[in-house]
file work02.cif (mmCIF, C-alpha atoms and all ligand atoms)
data_coords
loop_
_atom_site.label_atom_id
_atom_site.label_comp_id
_atom_site.auth_asym_id
_atom_site.auth_seq_id
_atom_site.Cartn_x
_atom_site.Cartn_y
_atom_site.Cartn_z
CA MET A 1 76.46 26.71 -5.08
CA THR A 2 76.74 24.96 -8.43
CA LEU A 3 74.03 25.53 -10.93
CA GLU A 4 72.73 22.67 -13.02
CA PRO A 5 73.81 23.50 -16.59
CA ILE A 6 71.12 23.99 -19.21
CA PRO A 7 72.52 23.31 -22.69
CA GLN A 8 71.07 24.96 -25.79
CA SER A 9 70.39 21.56 -27.35
CA ASP A 10 70.92 18.02 -26.08
CA PRO A 11 70.95 15.20 -28.63
CA ARG A 12 72.12 12.75 -25.94
CA ALA A 13 68.90 13.36 -23.99
CA SER A 14 66.97 12.23 -27.05
CA TYR A 15 69.03 9.02 -27.21
CA LEU A 16 68.52 8.33 -23.49
CA ALA A 17 64.77 8.96 -23.78
CA HIS A 18 64.48 6.06 -26.26
CA LYS A 19 67.61 4.13 -25.32
CA GLN A 20 66.17 0.64 -25.24
CA GLU A 21 64.45 0.91 -28.63
CA ILE A 22 67.53 2.51 -30.22
CA ASP A 23 69.92 -0.07 -28.77
CA GLU A 24 67.68 -2.83 -30.10
CA ALA A 25 67.55 -1.23 -33.55
CA ILE A 26 71.35 -0.93 -33.64
CA ALA A 27 71.81 -4.55 -32.55
CA ARG A 28 69.35 -5.71 -35.21
CA VAL A 29 71.34 -3.97 -37.98
CA LEU A 30 74.73 -5.13 -36.71
CA ASP A 31 73.45 -8.66 -36.59
CA ARG A 32 71.88 -8.65 -40.04
CA GLY A 33 75.13 -7.74 -41.75
CA SER A 34 73.66 -5.55 -44.49
CA TYR A 35 74.86 -2.00 -43.83
CA ILE A 36 74.18 0.10 -46.91
CA LEU A 37 70.85 0.58 -48.74
CA GLY A 38 69.07 -2.36 -47.19
CA GLU A 39 65.66 -2.95 -45.69
CA GLU A 40 65.94 -0.33 -42.92
CA VAL A 41 66.55 2.46 -45.45
CA SER A 42 63.67 1.29 -47.67
CA ALA A 43 61.33 1.03 -44.70
CA PHE A 44 62.33 4.44 -43.34
CA GLU A 45 61.91 6.02 -46.79
CA ARG A 46 58.36 4.67 -46.97
CA GLU A 47 57.50 5.59 -43.40
CA PHE A 48 58.88 9.11 -43.56
CA ALA A 49 57.34 9.90 -46.98
CA SER A 50 53.99 8.68 -45.72
CA TYR A 51 54.34 10.68 -42.49
CA ILE A 52 54.88 13.90 -44.47
CA GLY A 53 52.41 13.07 -47.22
CA ALA A 54 54.66 12.53 -50.24
CA ALA A 55 54.79 9.59 -52.63
CA HIS A 56 58.56 8.95 -52.70
CA GLY A 57 61.44 9.21 -50.24
CA ILE A 58 65.12 8.94 -51.17
CA GLY A 59 67.55 8.64 -48.25
CA VAL A 60 70.87 10.45 -48.70
CA ALA A 61 73.95 11.30 -46.68
CA SER A 62 72.98 14.77 -45.36
CA GLY A 63 70.57 17.67 -45.67
CA THR A 64 73.09 19.55 -47.80
CA ASP A 65 73.27 16.61 -50.22
CA ALA A 66 69.47 16.37 -50.22
CA LEU A 67 69.24 19.98 -51.47
CA MET A 68 72.12 19.55 -53.91
CA LEU A 69 70.75 16.31 -55.43
CA ALA A 70 67.19 17.71 -55.56
CA LEU A 71 68.54 20.61 -57.63
CA ARG A 72 70.58 18.29 -59.85
CA ALA A 73 67.54 16.09 -60.43
CA CYS A 74 65.71 19.14 -61.85
CA ASP A 75 68.34 19.51 -64.58
CA LEU A 76 68.21 23.29 -64.47
CA GLY A 77 70.81 23.84 -67.19
CA ALA A 78 73.85 26.11 -67.35
CA ASP A 79 73.86 29.42 -65.42
CA ALA A 80 70.60 28.57 -63.67
CA GLU A 81 69.71 31.01 -60.90
CA VAL A 82 68.05 29.82 -57.72
CA ILE A 83 66.31 32.23 -55.35
CA THR A 84 66.56 31.72 -51.61
CA VAL A 85 67.18 33.66 -48.39
CA SER A 86 70.38 34.92 -46.80
CA HIS A 87 69.12 34.33 -43.25
CA THR A 88 69.62 30.55 -43.18
CA ALA A 89 72.22 27.86 -42.60
CA VAL A 90 75.19 28.18 -44.98
CA ALA A 91 74.15 24.74 -46.26
CA SER A 92 71.17 26.18 -48.16
CA ILE A 93 73.48 28.33 -50.30
CA ALA A 94 76.41 25.89 -50.45
CA ALA A 95 74.08 23.23 -51.88
CA ILE A 96 73.05 25.55 -54.75
CA GLU A 97 76.65 26.12 -55.76
CA LEU A 98 77.51 22.42 -55.32
CA ALA A 99 74.74 21.70 -57.83
CA GLY A 100 76.37 24.10 -60.29
CA ALA A 101 73.74 26.82 -59.98
CA ILE A 102 73.88 30.46 -58.87
CA PRO A 103 72.29 31.57 -55.58
CA VAL A 104 70.30 34.82 -55.62
CA LEU A 105 69.27 36.01 -52.18
CA VAL A 106 66.22 37.93 -51.00
CA ASP A 107 65.23 39.41 -47.65
CA ILE A 108 63.05 37.78 -45.02
CA ASP A 109 59.73 38.64 -43.48
CA PRO A 110 60.87 39.88 -40.06
CA GLN A 111 57.98 38.17 -38.26
CA THR A 112 58.47 34.61 -39.49
CA TYR A 113 62.14 34.77 -40.62
CA THR A 114 61.08 33.18 -43.93
CA LEU A 115 61.40 34.34 -47.54
CA ASP A 116 59.79 37.70 -48.37
CA VAL A 117 57.74 36.73 -51.42
CA SER A 118 57.26 40.33 -52.49
CA GLN A 119 60.96 40.49 -53.43
CA ILE A 120 60.94 37.58 -55.86
CA GLU A 121 59.93 39.64 -58.90
CA GLN A 122 62.67 42.15 -58.10
CA VAL A 123 65.44 39.56 -58.60
CA LEU A 124 63.91 37.48 -61.43
CA THR A 125 65.92 37.17 -64.64
CA PRO A 126 65.45 34.99 -67.74
CA ARG A 127 67.82 32.50 -66.05
CA THR A 128 65.82 32.08 -62.82
CA ARG A 129 64.87 28.40 -62.53
CA ALA A 130 63.93 27.61 -58.94
CA ILE A 131 62.98 28.91 -55.50
CA ILE A 132 64.15 27.35 -52.23
CA PRO A 133 61.91 28.48 -49.36
CA VAL A 134 63.46 27.64 -45.98
CA HIS A 135 60.99 26.88 -43.19
CA LEU A 136 63.40 28.42 -40.73
CA TYR A 137 63.34 27.55 -37.03
CA GLY A 138 60.27 25.38 -37.75
CA HIS A 139 57.90 28.10 -39.03
CA PRO A 140 56.51 27.44 -42.52
CA ALA A 141 57.23 29.89 -45.33
CA ALA A 142 54.26 31.50 -47.13
CA MET A 143 53.74 28.57 -49.49
CA ASP A 144 50.54 29.83 -51.20
CA ALA A 145 52.23 32.95 -52.50
CA ILE A 146 55.47 31.09 -53.31
CA LEU A 147 53.66 28.42 -55.33
CA GLU A 148 51.73 31.11 -57.19
CA MET A 149 54.97 32.91 -58.14
CA ALA A 150 56.51 29.61 -59.19
CA LYS A 151 53.55 28.84 -61.42
CA ARG A 152 53.52 32.27 -62.99
CA TYR A 153 57.24 32.18 -63.86
CA HIS A 154 57.67 28.42 -64.43
CA LEU A 155 60.04 27.88 -61.52
CA ARG A 156 60.73 24.71 -59.58
CA VAL A 157 60.10 24.83 -55.82
CA ILE A 158 62.40 22.89 -53.51
CA GLU A 159 61.46 23.19 -49.85
CA ASP A 160 64.32 23.30 -47.34
CA CYS A 161 62.72 21.36 -44.48
CA ALA A 162 65.88 20.78 -42.44
CA GLN A 163 64.30 22.54 -39.44
CA SER A 164 60.65 21.71 -39.95
CA HIS A 165 59.93 17.96 -39.67
CA GLY A 166 56.22 17.87 -38.94
CA ALA A 167 55.55 21.62 -39.29
CA GLN A 168 52.25 22.47 -40.94
CA TYR A 169 50.99 25.14 -43.30
CA GLN A 170 47.22 25.30 -43.64
CA ARG A 171 46.97 21.94 -41.85
CA ARG A 172 49.23 20.17 -44.34
CA LYS A 173 52.79 19.15 -43.52
CA VAL A 174 55.61 21.12 -45.13
CA GLY A 175 57.62 19.01 -47.53
CA SER A 176 54.43 18.13 -49.43
CA PHE A 177 54.02 21.49 -51.25
CA GLY A 178 57.01 21.88 -53.55
CA ASP A 179 58.23 19.80 -56.50
CA LEU A 180 60.78 18.40 -54.08
CA ALA A 181 61.64 18.74 -50.40
CA ALA A 182 64.97 18.27 -48.62
CA PHE A 183 65.28 17.13 -45.00
CA SER A 184 68.31 16.85 -42.72
CA PHE A 185 68.67 14.36 -39.87
CA TYR A 186 71.66 16.07 -38.24
CA PRO A 187 71.60 15.05 -34.55
CA THR A 188 70.10 18.27 -33.17
CA LYS A 189 67.26 18.54 -35.71
CA ASN A 190 63.71 17.71 -34.60
CA LEU A 191 64.22 14.29 -36.17
CA GLY A 192 67.88 13.56 -35.55
CA ALA A 193 70.14 10.62 -36.30
CA ILE A 194 73.30 9.68 -34.41
CA GLY A 195 75.44 11.01 -37.22
CA ASP A 196 74.63 12.57 -40.59
CA GLY A 197 71.62 11.79 -42.75
CA GLY A 198 69.12 13.37 -45.12
CA MET A 199 66.14 12.67 -47.33
CA ILE A 200 64.50 14.02 -50.46
CA LEU A 201 60.74 13.73 -50.91
CA CYS A 202 58.81 14.11 -54.15
CA ASN A 203 55.65 12.93 -55.87
CA ASP A 204 56.96 12.57 -59.42
CA PRO A 205 58.14 8.96 -60.00
CA ALA A 206 60.56 10.04 -62.74
CA LEU A 207 62.29 12.49 -60.39
CA ALA A 208 62.42 9.76 -57.73
CA ASP A 209 64.13 7.38 -60.19
CA ARG A 210 66.67 10.02 -61.15
CA LEU A 211 67.41 10.69 -57.49
CA ARG A 212 67.89 7.02 -56.67
CA ALA A 213 70.42 6.90 -59.47
CA LEU A 214 72.11 10.20 -58.58
CA ARG A 215 72.75 9.16 -54.97
CA GLN A 216 74.77 6.15 -56.11
CA TYR A 217 77.09 6.80 -59.07
CA GLY A 218 74.17 7.26 -61.44
CA TRP A 219 73.41 3.55 -61.36
CA GLN A 220 70.01 2.63 -62.70
CA SER A 221 70.81 -1.05 -63.05
CA ALA A 222 73.68 -2.88 -61.38
CA ARG A 223 76.95 -1.03 -61.95
CA ILE A 224 75.80 0.73 -65.10
CA SER A 225 75.88 4.51 -64.75
CA THR A 226 73.25 6.27 -66.83
CA LEU A 227 74.01 9.64 -65.20
CA PRO A 228 77.14 11.10 -63.61
CA GLY A 229 76.19 10.53 -59.98
CA ALA A 230 77.52 10.94 -56.47
CA ASN A 231 78.02 8.73 -53.45
CA SER A 232 75.41 10.03 -51.03
CA ARG A 233 73.66 7.21 -49.21
CA LEU A 234 71.81 7.02 -45.92
CA ASP A 235 73.18 4.04 -44.03
CA GLU A 236 71.23 1.22 -42.39
CA LEU A 237 72.23 2.10 -38.82
CA GLN A 238 71.01 5.68 -39.12
CA ALA A 239 67.81 4.57 -40.87
CA ALA A 240 67.04 2.05 -38.11
CA ILE A 241 67.61 4.71 -35.44
CA LEU A 242 65.52 7.24 -37.35
CA ARG A 243 62.64 4.75 -37.60
CA VAL A 244 62.57 4.67 -33.79
CA LYS A 245 62.78 8.45 -33.51
CA LEU A 246 60.04 8.95 -36.12
CA ARG A 247 57.60 7.09 -33.89
CA HIS A 248 58.21 9.73 -31.20
CA LEU A 249 58.38 12.80 -33.45
CA ASP A 250 54.82 14.05 -32.91
CA GLN A 251 55.19 13.74 -29.14
CA ASP A 252 58.58 15.50 -29.25
CA ASN A 253 57.16 18.32 -31.39
CA LEU A 254 54.21 18.69 -29.03
CA GLN A 255 56.63 18.94 -26.14
CA ARG A 256 58.65 21.64 -27.93
CA HIS A 257 55.42 23.51 -28.67
CA GLN A 258 54.34 23.47 -25.03
CA LEU A 259 57.77 24.59 -23.84
CA ALA A 260 57.67 27.42 -26.39
CA GLN A 261 54.28 28.54 -25.12
CA LEU A 262 55.61 28.58 -21.57
CA TYR A 263 58.60 30.73 -22.64
CA THR A 264 56.26 33.11 -24.45
CA LYS A 265 53.98 33.45 -21.44
CA LEU A 266 56.87 34.02 -19.03
CA LEU A 267 58.52 36.59 -21.33
CA GLU A 268 55.39 38.65 -21.94
CA GLN A 269 55.89 42.39 -21.48
CA SER A 270 59.63 42.13 -21.09
CA CYS A 271 62.48 43.60 -23.12
CA TYR A 272 62.37 40.67 -25.58
CA ALA A 273 60.37 40.09 -28.74
CA THR A 274 59.13 36.48 -28.73
CA PRO A 275 58.50 34.30 -31.84
CA THR A 276 55.39 34.57 -33.96
CA GLU A 277 53.24 31.60 -34.99
CA LEU A 278 50.83 32.67 -37.71
CA THR A 279 47.27 31.34 -37.50
CA ASP A 280 47.62 29.10 -40.57
CA ALA A 281 50.89 27.65 -39.24
CA ARG A 282 51.99 24.92 -36.88
CA HIS A 283 55.48 25.79 -35.66
CA THR A 284 57.86 22.96 -34.70
CA TYR A 285 60.16 25.20 -32.64
CA HIS A 286 63.36 23.67 -33.90
CA GLN A 287 64.66 26.87 -32.32
CA TYR A 288 62.95 29.27 -29.94
CA VAL A 289 64.37 32.60 -31.08
CA VAL A 290 63.90 35.87 -29.22
CA ARG A 291 65.15 39.32 -30.16
CA VAL A 292 67.11 41.57 -27.86
CA SER A 293 68.86 44.89 -28.43
CA ASP A 294 72.12 44.30 -26.52
CA ARG A 295 72.86 40.63 -27.11
CA ALA A 296 76.52 39.99 -26.23
CA PRO A 297 76.42 41.06 -22.54
CA LEU A 298 73.16 39.16 -22.06
CA GLN A 299 74.70 35.98 -23.50
CA ALA A 300 77.69 36.36 -21.18
CA PHE A 301 75.38 36.89 -18.20
CA LEU A 302 73.40 33.75 -19.06
CA THR A 303 76.62 31.76 -19.43
CA GLN A 304 77.46 32.77 -15.85
CA GLN A 305 74.13 31.25 -14.82
CA ALA A 306 75.12 28.00 -16.63
CA ILE A 307 72.58 28.65 -19.40
CA THR A 308 73.85 28.14 -22.93
CA THR A 309 72.32 30.08 -25.82
CA ALA A 310 73.24 30.30 -29.50
CA VAL A 311 72.93 32.65 -32.45
CA HIS A 312 71.45 31.14 -35.60
CA TYR A 313 72.81 32.91 -37.62
CA PRO A 314 75.31 35.61 -36.64
CA VAL A 315 76.26 36.84 -40.14
CA PRO A 316 73.94 36.82 -43.19
CA ILE A 317 75.37 34.55 -45.88
CA HIS A 318 75.86 37.40 -48.37
CA LEU A 319 78.21 39.08 -45.86
CA GLN A 320 80.27 35.99 -44.97
CA PRO A 321 83.88 35.84 -46.23
CA ALA A 322 83.25 33.02 -48.73
CA TYR A 323 80.32 34.85 -50.38
CA ARG A 324 80.81 38.58 -49.72
CA ASN A 325 80.72 40.84 -52.78
CA ARG A 326 80.00 37.86 -54.95
CA LEU A 327 76.32 36.95 -54.58
CA ARG A 328 73.46 38.93 -56.03
CA THR A 329 70.85 40.02 -53.48
CA ALA A 330 67.66 42.06 -53.40
CA VAL A 331 68.18 45.81 -53.11
CA SER A 332 67.28 45.87 -49.44
CA MET A 333 68.35 43.11 -47.05
CA GLN A 334 67.47 45.21 -44.00
CA HIS A 335 65.39 42.63 -42.13
CA THR A 336 68.05 39.97 -42.64
CA GLU A 337 70.81 42.27 -41.46
CA ARG A 338 68.86 43.52 -38.46
CA ALA A 339 67.84 39.99 -37.40
CA ALA A 340 71.48 38.89 -37.38
CA GLN A 341 72.20 41.59 -34.77
CA GLN A 342 69.28 40.82 -32.47
CA ILE A 343 68.37 37.14 -32.53
CA LEU A 344 69.13 34.74 -29.72
CA SER A 345 68.21 31.03 -29.66
CA LEU A 346 67.25 29.94 -26.14
CA PRO A 347 67.66 26.36 -24.87
CA MET A 348 65.13 24.19 -26.74
CA TYR A 349 64.79 20.41 -26.92
CA PRO A 350 61.92 18.11 -25.95
CA GLN A 351 63.47 16.81 -22.73
CA LEU A 352 63.68 20.28 -21.11
CA THR A 353 61.44 20.62 -18.07
CA ASP A 354 59.06 23.42 -17.15
CA SER A 355 61.25 24.34 -14.20
CA GLN A 356 64.30 24.68 -16.47
CA ILE A 357 62.31 27.00 -18.76
CA GLU A 358 61.25 28.95 -15.68
CA ARG A 359 64.88 29.33 -14.64
CA VAL A 360 65.91 30.62 -18.08
CA ALA A 361 62.97 33.05 -18.17
CA HIS A 362 63.70 34.22 -14.63
CA TYR A 363 67.25 35.27 -15.53
CA LEU A 364 66.11 36.80 -18.81
CA ARG A 365 63.60 39.01 -16.96
CA PHE A 366 66.13 39.81 -14.29
CA TRP A 367 68.43 41.06 -17.03
CA CYS A 368 65.82 43.45 -18.48
CA GLU A 369 65.06 44.87 -15.06
CA SER A 370 68.62 45.31 -13.88
CA ASN A 371 69.65 46.98 -17.14
CA SER A 372 66.42 48.95 -17.55
CA SER A 373 66.41 47.58 -21.10
CA SER A 374 63.57 48.82 -23.23
CA PRO A 375 61.65 46.47 -25.50
CA VAL A 376 63.45 45.65 -28.71
CA THR A 377 62.15 47.38 -31.84
C1 LIG B 1 70.87 21.68 -41.02
C2 LIG B 1 70.44 22.45 -42.20
C3 LIG B 1 70.80 22.10 -43.51
C4 LIG B 1 71.86 21.07 -43.82
O1 LIG B 1 71.71 19.86 -43.26
P1 LIG B 1 73.02 18.91 -43.02
O2 LIG B 1 72.39 17.59 -42.72
O3 LIG B 1 73.75 19.48 -41.86
O4 LIG B 1 73.81 18.90 -44.26
C5 LIG B 1 70.24 22.78 -44.57
N1 LIG B 1 69.39 23.79 -44.37
C6 LIG B 1 69.03 24.19 -43.13
C7 LIG B 1 68.04 25.31 -42.98
C8 LIG B 1 69.56 23.55 -42.01
O5 LIG B 1 69.19 23.97 -40.79
#
call {"tool": "encode", "arguments": {"input": "work02.cif", "output": "structure tokens"}}
result
Amino acid sequence: MTLEPIPQSDPRASYLAHKQEIDEAIARVLDRGSYILGEEVSAFEREFASYIGAAHGIGVASGTDALMLALRACDLGADAEVITVSHTAVASIAAIELAGAIPVLVDIDPQTYTLDVSQIEQVLTPRTRAIIPVHLYGHPAAMDAILEMAKRYHLRVIEDCAQSHGAQYQRRKVGSFGDLAAFSFYPTKNLGAIGDGGMILCNDPALADRLRALRQYGWQSARISTLPGANSRLDELQAAILRVKLRHLDQDNLQRHQLAQLYTKLLEQSCYATPTELTDARHTYHQYVVRVSDRAPLQAFLTQQAITTAVHYPVPIHLQPAYRNRLRTAVSMQHTERAAQQILSLPMYPQLTDSQIERVAHYLRFWCESNSSSPVT
């Protein structure tokens, strides 16, 4: 008997779901002959900014660049410290250093996996300039409390929205709360290109102008650099594809939400802790992350059943070789360190079917029962 494989993510399924529209968009760009910073990029910048609820969108080459350029646009000065979490993609921290600033890491709230606001004051110094909340897995960070801290201590807020296209906090979309927001369009994200891509959103027209210059050699008028800039452009092909995908984003997010609810129902009273969605939040389930006490043998067992899972993220950034013993953190990082041991990302993408979710849940429950595993604490 061969089991039908269930991948953890499936960007090809998203292409096939909208194949005709995407193929037409690609043909249109190829035919037009303008491939960099043309009408598709401008249109997508307008459409995406308006979808989120921001005044300006600046398309760039990746989510990492979006964070890095957003920080550079703030002109934070020498030795600026930027507070973020250690339980995130390496990109969040790499971008801070690429911008010439110093990452300072705090613990997470173990329920939502987002920044623990109560630790901000513990790591503040006279050089603290900004906070980067990460809306990890698609759950919004506690923006009210974060914005209040930022106001009290005159800090910039840059939202890392790489996993939260369309997520809401108090009925408003994330990416519209901070001074700036950074999005990634990496293929597996909720809004994914067929290659790399990113965008920065903001409301301040002066910041938007700076960013448009920074993404292209600091040019403000033709071939005259007014700032030392980068080359970080979103290309026309990706923008045209993303315009198609944006039209289906709400439906895709709804699908992820329904699949997540099915997982949660099927995994009730088992040995797993299922994700939390706070009442003032709308989760986009970029990842559906459970917790389990004995992860490695479970992952191997699922692999035998042709079910692929992943661990986002296996080692907190402050313990990774490139950063270990070098980054300042809050005194206790216990929730970050414990999460890294227990988390498991189950298969999650909009094209999964209910019966595939049922199969995954069936084997997960089977595992608890045959190992007499007790609920994770
Ligand atoms: C994907 C991701 C990024 C980086 O995006 P790239 O487009 O891969 O550079 C940044 N932060 C988080 C939380 C991410 O998940």
call {"tool": "residues_around", "arguments": {"input": "work02.cif", "residues": "Cys368 of chain A", "least_positions_apart": "2", "cutoff": "10 Å", "atoms": "only C-alpha atoms", "output": "ChimeraX atom specification"}}
result
/A:270-272,292,298,363-366,370-375
call {"tool": "closest_residue", "arguments": {"input": "work02.cif", "among": "A:Arg32, A:His283, A:His135, A:His87", "to": "Met333 of chain A", "atoms": "only C-alpha atoms"}}
result
A:His87
call {"tool": "closest_residue", "arguments": {"input": "work02.cif", "among": "A:Val106, A:Ala162, A:Ala296, A:Leu69", "to": "ligand LIG 1 (chain B)", "atoms": "all atoms listed in the file"}}
result
A:Ala162
call {"tool": "atom_distance", "arguments": {"input": "work02.cif", "atom1": "atom CA of Asn325 of chain A", "atom2": "atom CA of Ala94 of chain A"}}
result
15.7 Å
call {"tool": "residues_near_ligand", "arguments": {"input": "work02.cif", "ligand": "ligand LIG 1 (chain B)", "cutoff": "7 Å", "atoms": "only C-alpha atoms and all ligand atoms", "output": "PyMOL selection string"}}
result
chain A and resi 62-65+88-89+91-92+134+136+160-163+184-186+196-198
call {"tool": "closest_residue", "arguments": {"input": "work02.cif", "among": "A:Asp204, A:Asp107, A:Glu148, A:Asp79", "to": "Gly57 of chain A", "atoms": "only C-alpha atoms"}}
result
A:Asp204
call {"tool": "atom_distance", "arguments": {"input": "work02.cif", "atom1": "atom CA of Ile22 of chain A", "atom2": "atom CA of Lys245 of chain A"}}
result
8.3 Å
call {"tool": "atom_distance", "arguments": {"input": "work02.cif", "atom1": "atom CA of Arg152 of chain A", "atom2": "atom CA of Leu278 of chain A"}}
result
25.4 Å
call {"tool": "residues_around", "arguments": {"input": "work02.cif", "residues": "Leu259 of chain A", "least_positions_apart": "5", "cutoff": "8 Å", "atoms": "only C-alpha atoms", "output": "count of residues only"}}
result
6
call {"tool": "residues_around", "arguments": {"input": "work02.cif", "residues": "Gln287 of chain A", "least_positions_apart": "3", "cutoff": "9 Å", "atoms": "all atoms listed in the file", "output": "MDAnalysis selection string"}}
result
chainID A and resid 136:138 163 284 312 345:349
call {"tool": "residues_around", "arguments": {"input": "work02.cif", "residues": "Leu207 of chain A", "least_positions_apart": "6", "cutoff": "10 Å", "atoms": "all atoms listed in the file", "output": "PDB file with C-alpha atoms, in the frame of the given file"}}
result
ATOM      1  CA  HIS A  56      58.560   8.950 -52.700  1.00  0.00           C
ATOM      2  CA  ALA A  70      67.190  17.710 -55.560  1.00  0.00           C
ATOM      3  CA  ALA A  73      67.540  16.090 -60.430  1.00  0.00           C
ATOM      4  CA  CYS A  74      65.710  19.140 -61.850  1.00  0.00           C
ATOM      5  CA  ASP A 179      58.230  19.800 -56.500  1.00  0.00           C
ATOM      6  CA  LEU A 180      60.780  18.400 -54.080  1.00  0.00           C
ATOM      7  CA  LEU A 201      60.740  13.730 -50.910  1.00  0.00           C
ATOM      8  CA  ALA A 213      70.420   6.900 -59.470  1.00  0.00           C
TER       9      ALA A 213
END
call {"tool": "residues_near_point", "arguments": {"input": "work02.cif", "point": "(55.6, 34.7, -22.6)", "cutoff": "12 Å", "atoms": "only C-alpha atoms", "output": "ChimeraX atom specification"}}
result
/A:258-276,288,290,357-358,360-362,364-365
call {"tool": "write_last_selection", "arguments": {"input": "work02.cif", "atoms": "C-alpha atoms", "output": "PDB file, in the frame of the given file"}}
result
ATOM      1  CA  GLN A 258      54.340  23.470 -25.030  1.00  0.00           C
ATOM      2  CA  LEU A 259      57.770  24.590 -23.840  1.00  0.00           C
ATOM      3  CA  ALA A 260      57.670  27.420 -26.390  1.00  0.00           C
ATOM      4  CA  GLN A 261      54.280  28.540 -25.120  1.00  0.00           C
ATOM      5  CA  LEU A 262      55.610  28.580 -21.570  1.00  0.00           C
ATOM      6  CA  TYR A 263      58.600  30.730 -22.640  1.00  0.00           C
ATOM      7  CA  THR A 264      56.260  33.110 -24.450  1.00  0.00           C
ATOM      8  CA  LYS A 265      53.980  33.450 -21.440  1.00  0.00           C
ATOM      9  CA  LEU A 266      56.870  34.020 -19.030  1.00  0.00           C
ATOM     10  CA  LEU A 267      58.520  36.590 -21.330  1.00  0.00           C
ATOM     11  CA  GLU A 268      55.390  38.650 -21.940  1.00  0.00           C
ATOM     12  CA  GLN A 269      55.890  42.390 -21.480  1.00  0.00           C
ATOM     13  CA  SER A 270      59.630  42.130 -21.090  1.00  0.00           C
ATOM     14  CA  CYS A 271      62.480  43.600 -23.120  1.00  0.00           C
ATOM     15  CA  TYR A 272      62.370  40.670 -25.580  1.00  0.00           C
ATOM     16  CA  ALA A 273      60.370  40.090 -28.740  1.00  0.00           C
ATOM     17  CA  THR A 274      59.130  36.480 -28.730  1.00  0.00           C
ATOM     18  CA  PRO A 275      58.500  34.300 -31.840  1.00  0.00           C
ATOM     19  CA  THR A 276      55.390  34.570 -33.960  1.00  0.00           C
ATOM     20  CA  TYR A 288      62.950  29.270 -29.940  1.00  0.00           C
ATOM     21  CA  VAL A 290      63.900  35.870 -29.220  1.00  0.00           C
ATOM     22  CA  ILE A 357      62.310  27.000 -18.760  1.00  0.00           C
ATOM     23  CA  GLU A 358      61.250  28.950 -15.680  1.00  0.00           C
ATOM     24  CA  VAL A 360      65.910  30.620 -18.080  1.00  0.00           C
ATOM     25  CA  ALA A 361      62.970  33.050 -18.170  1.00  0.00           C
ATOM     26  CA  HIS A 362      63.700  34.220 -14.630  1.00  0.00           C
ATOM     27  CA  LEU A 364      66.110  36.800 -18.810  1.00  0.00           C
ATOM     28  CA  ARG A 365      63.600  39.010 -16.960  1.00  0.00           C
TER      29      ARG A 365
END
call {"tool": "residues_near_point", "arguments": {"input": "work02.cif", "point": "(68.3, 17.6, -20.4)", "cutoff": "9 Å", "atoms": "all atoms listed in the file", "output": "PyMOL selection string"}}
result
chain A and resi 5-7+9-14+349-353
call {"tool": "write_last_selection", "arguments": {"input": "work02.cif", "atoms": "C-alpha atoms", "output": "short mmCIF file (atom, residue, chain, number, x, y, z; two decimals), keeping the file's coordinate frame"}}
result
data_model
loop_
_atom_site.label_atom_id
_atom_site.label_comp_id
_atom_site.auth_asym_id
_atom_site.auth_seq_id
_atom_site.Cartn_x
_atom_site.Cartn_y
_atom_site.Cartn_z
CA PRO A 5 73.81 23.50 -16.59
CA ILE A 6 71.12 23.99 -19.21
CA PRO A 7 72.52 23.31 -22.69
CA SER A 9 70.39 21.56 -27.35
CA ASP A 10 70.92 18.02 -26.08
CA PRO A 11 70.95 15.20 -28.63
CA ARG A 12 72.12 12.75 -25.94
CA ALA A 13 68.90 13.36 -23.99
CA SER A 14 66.97 12.23 -27.05
CA TYR A 349 64.79 20.41 -26.92
CA PRO A 350 61.92 18.11 -25.95
CA GLN A 351 63.47 16.81 -22.73
CA LEU A 352 63.68 20.28 -21.11
CA THR A 353 61.44 20.62 -18.07
#
call {"tool": "residues_around", "arguments": {"input": "work02.cif", "residues": "Ile108 of chain A", "least_positions_apart": "4", "cutoff": "8 Å", "atoms": "all atoms listed in the file", "output": "list in words"}}
result
Val85, His87, Thr112, Tyr113, Thr114, Leu115, Asp116, Met333, His335 and Thr336 of chain A
call {"tool": "closest_residue", "arguments": {"input": "work02.cif", "among": "A:Thr377, A:Leu211, A:Ile132, A:Ser176", "to": "Ala95 of chain A", "atoms": "all atoms listed in the file"}}
result
A:Ile132
call {"tool": "closest_residue", "arguments": {"input": "work02.cif", "among": "A:Pro187, A:Gly192, A:Gly100, A:Gly53", "to": "Arg72 of chain A", "atoms": "only C-alpha atoms"}}
result
A:Gly100
call {"tool": "closest_residue", "arguments": {"input": "work02.cif", "among": "A:Ser86, A:Ser232, A:Asn203, A:Gln170", "to": "Gly59 of chain A", "atoms": "all atoms listed in the file"}}
result
A:Ser232
call {"tool": "axis_aligned_box", "arguments": {"input": "work02.cif", "around": "segment 87-104 of chain A", "padding_each_side": "3 Å", "output": "lines of an AutoDock Vina configuration file"}}
result
center_x = 73.3
center_y = 28.3
center_z = -51.4
size_x = 14.4
size_y = 19.1
size_z = 23.7
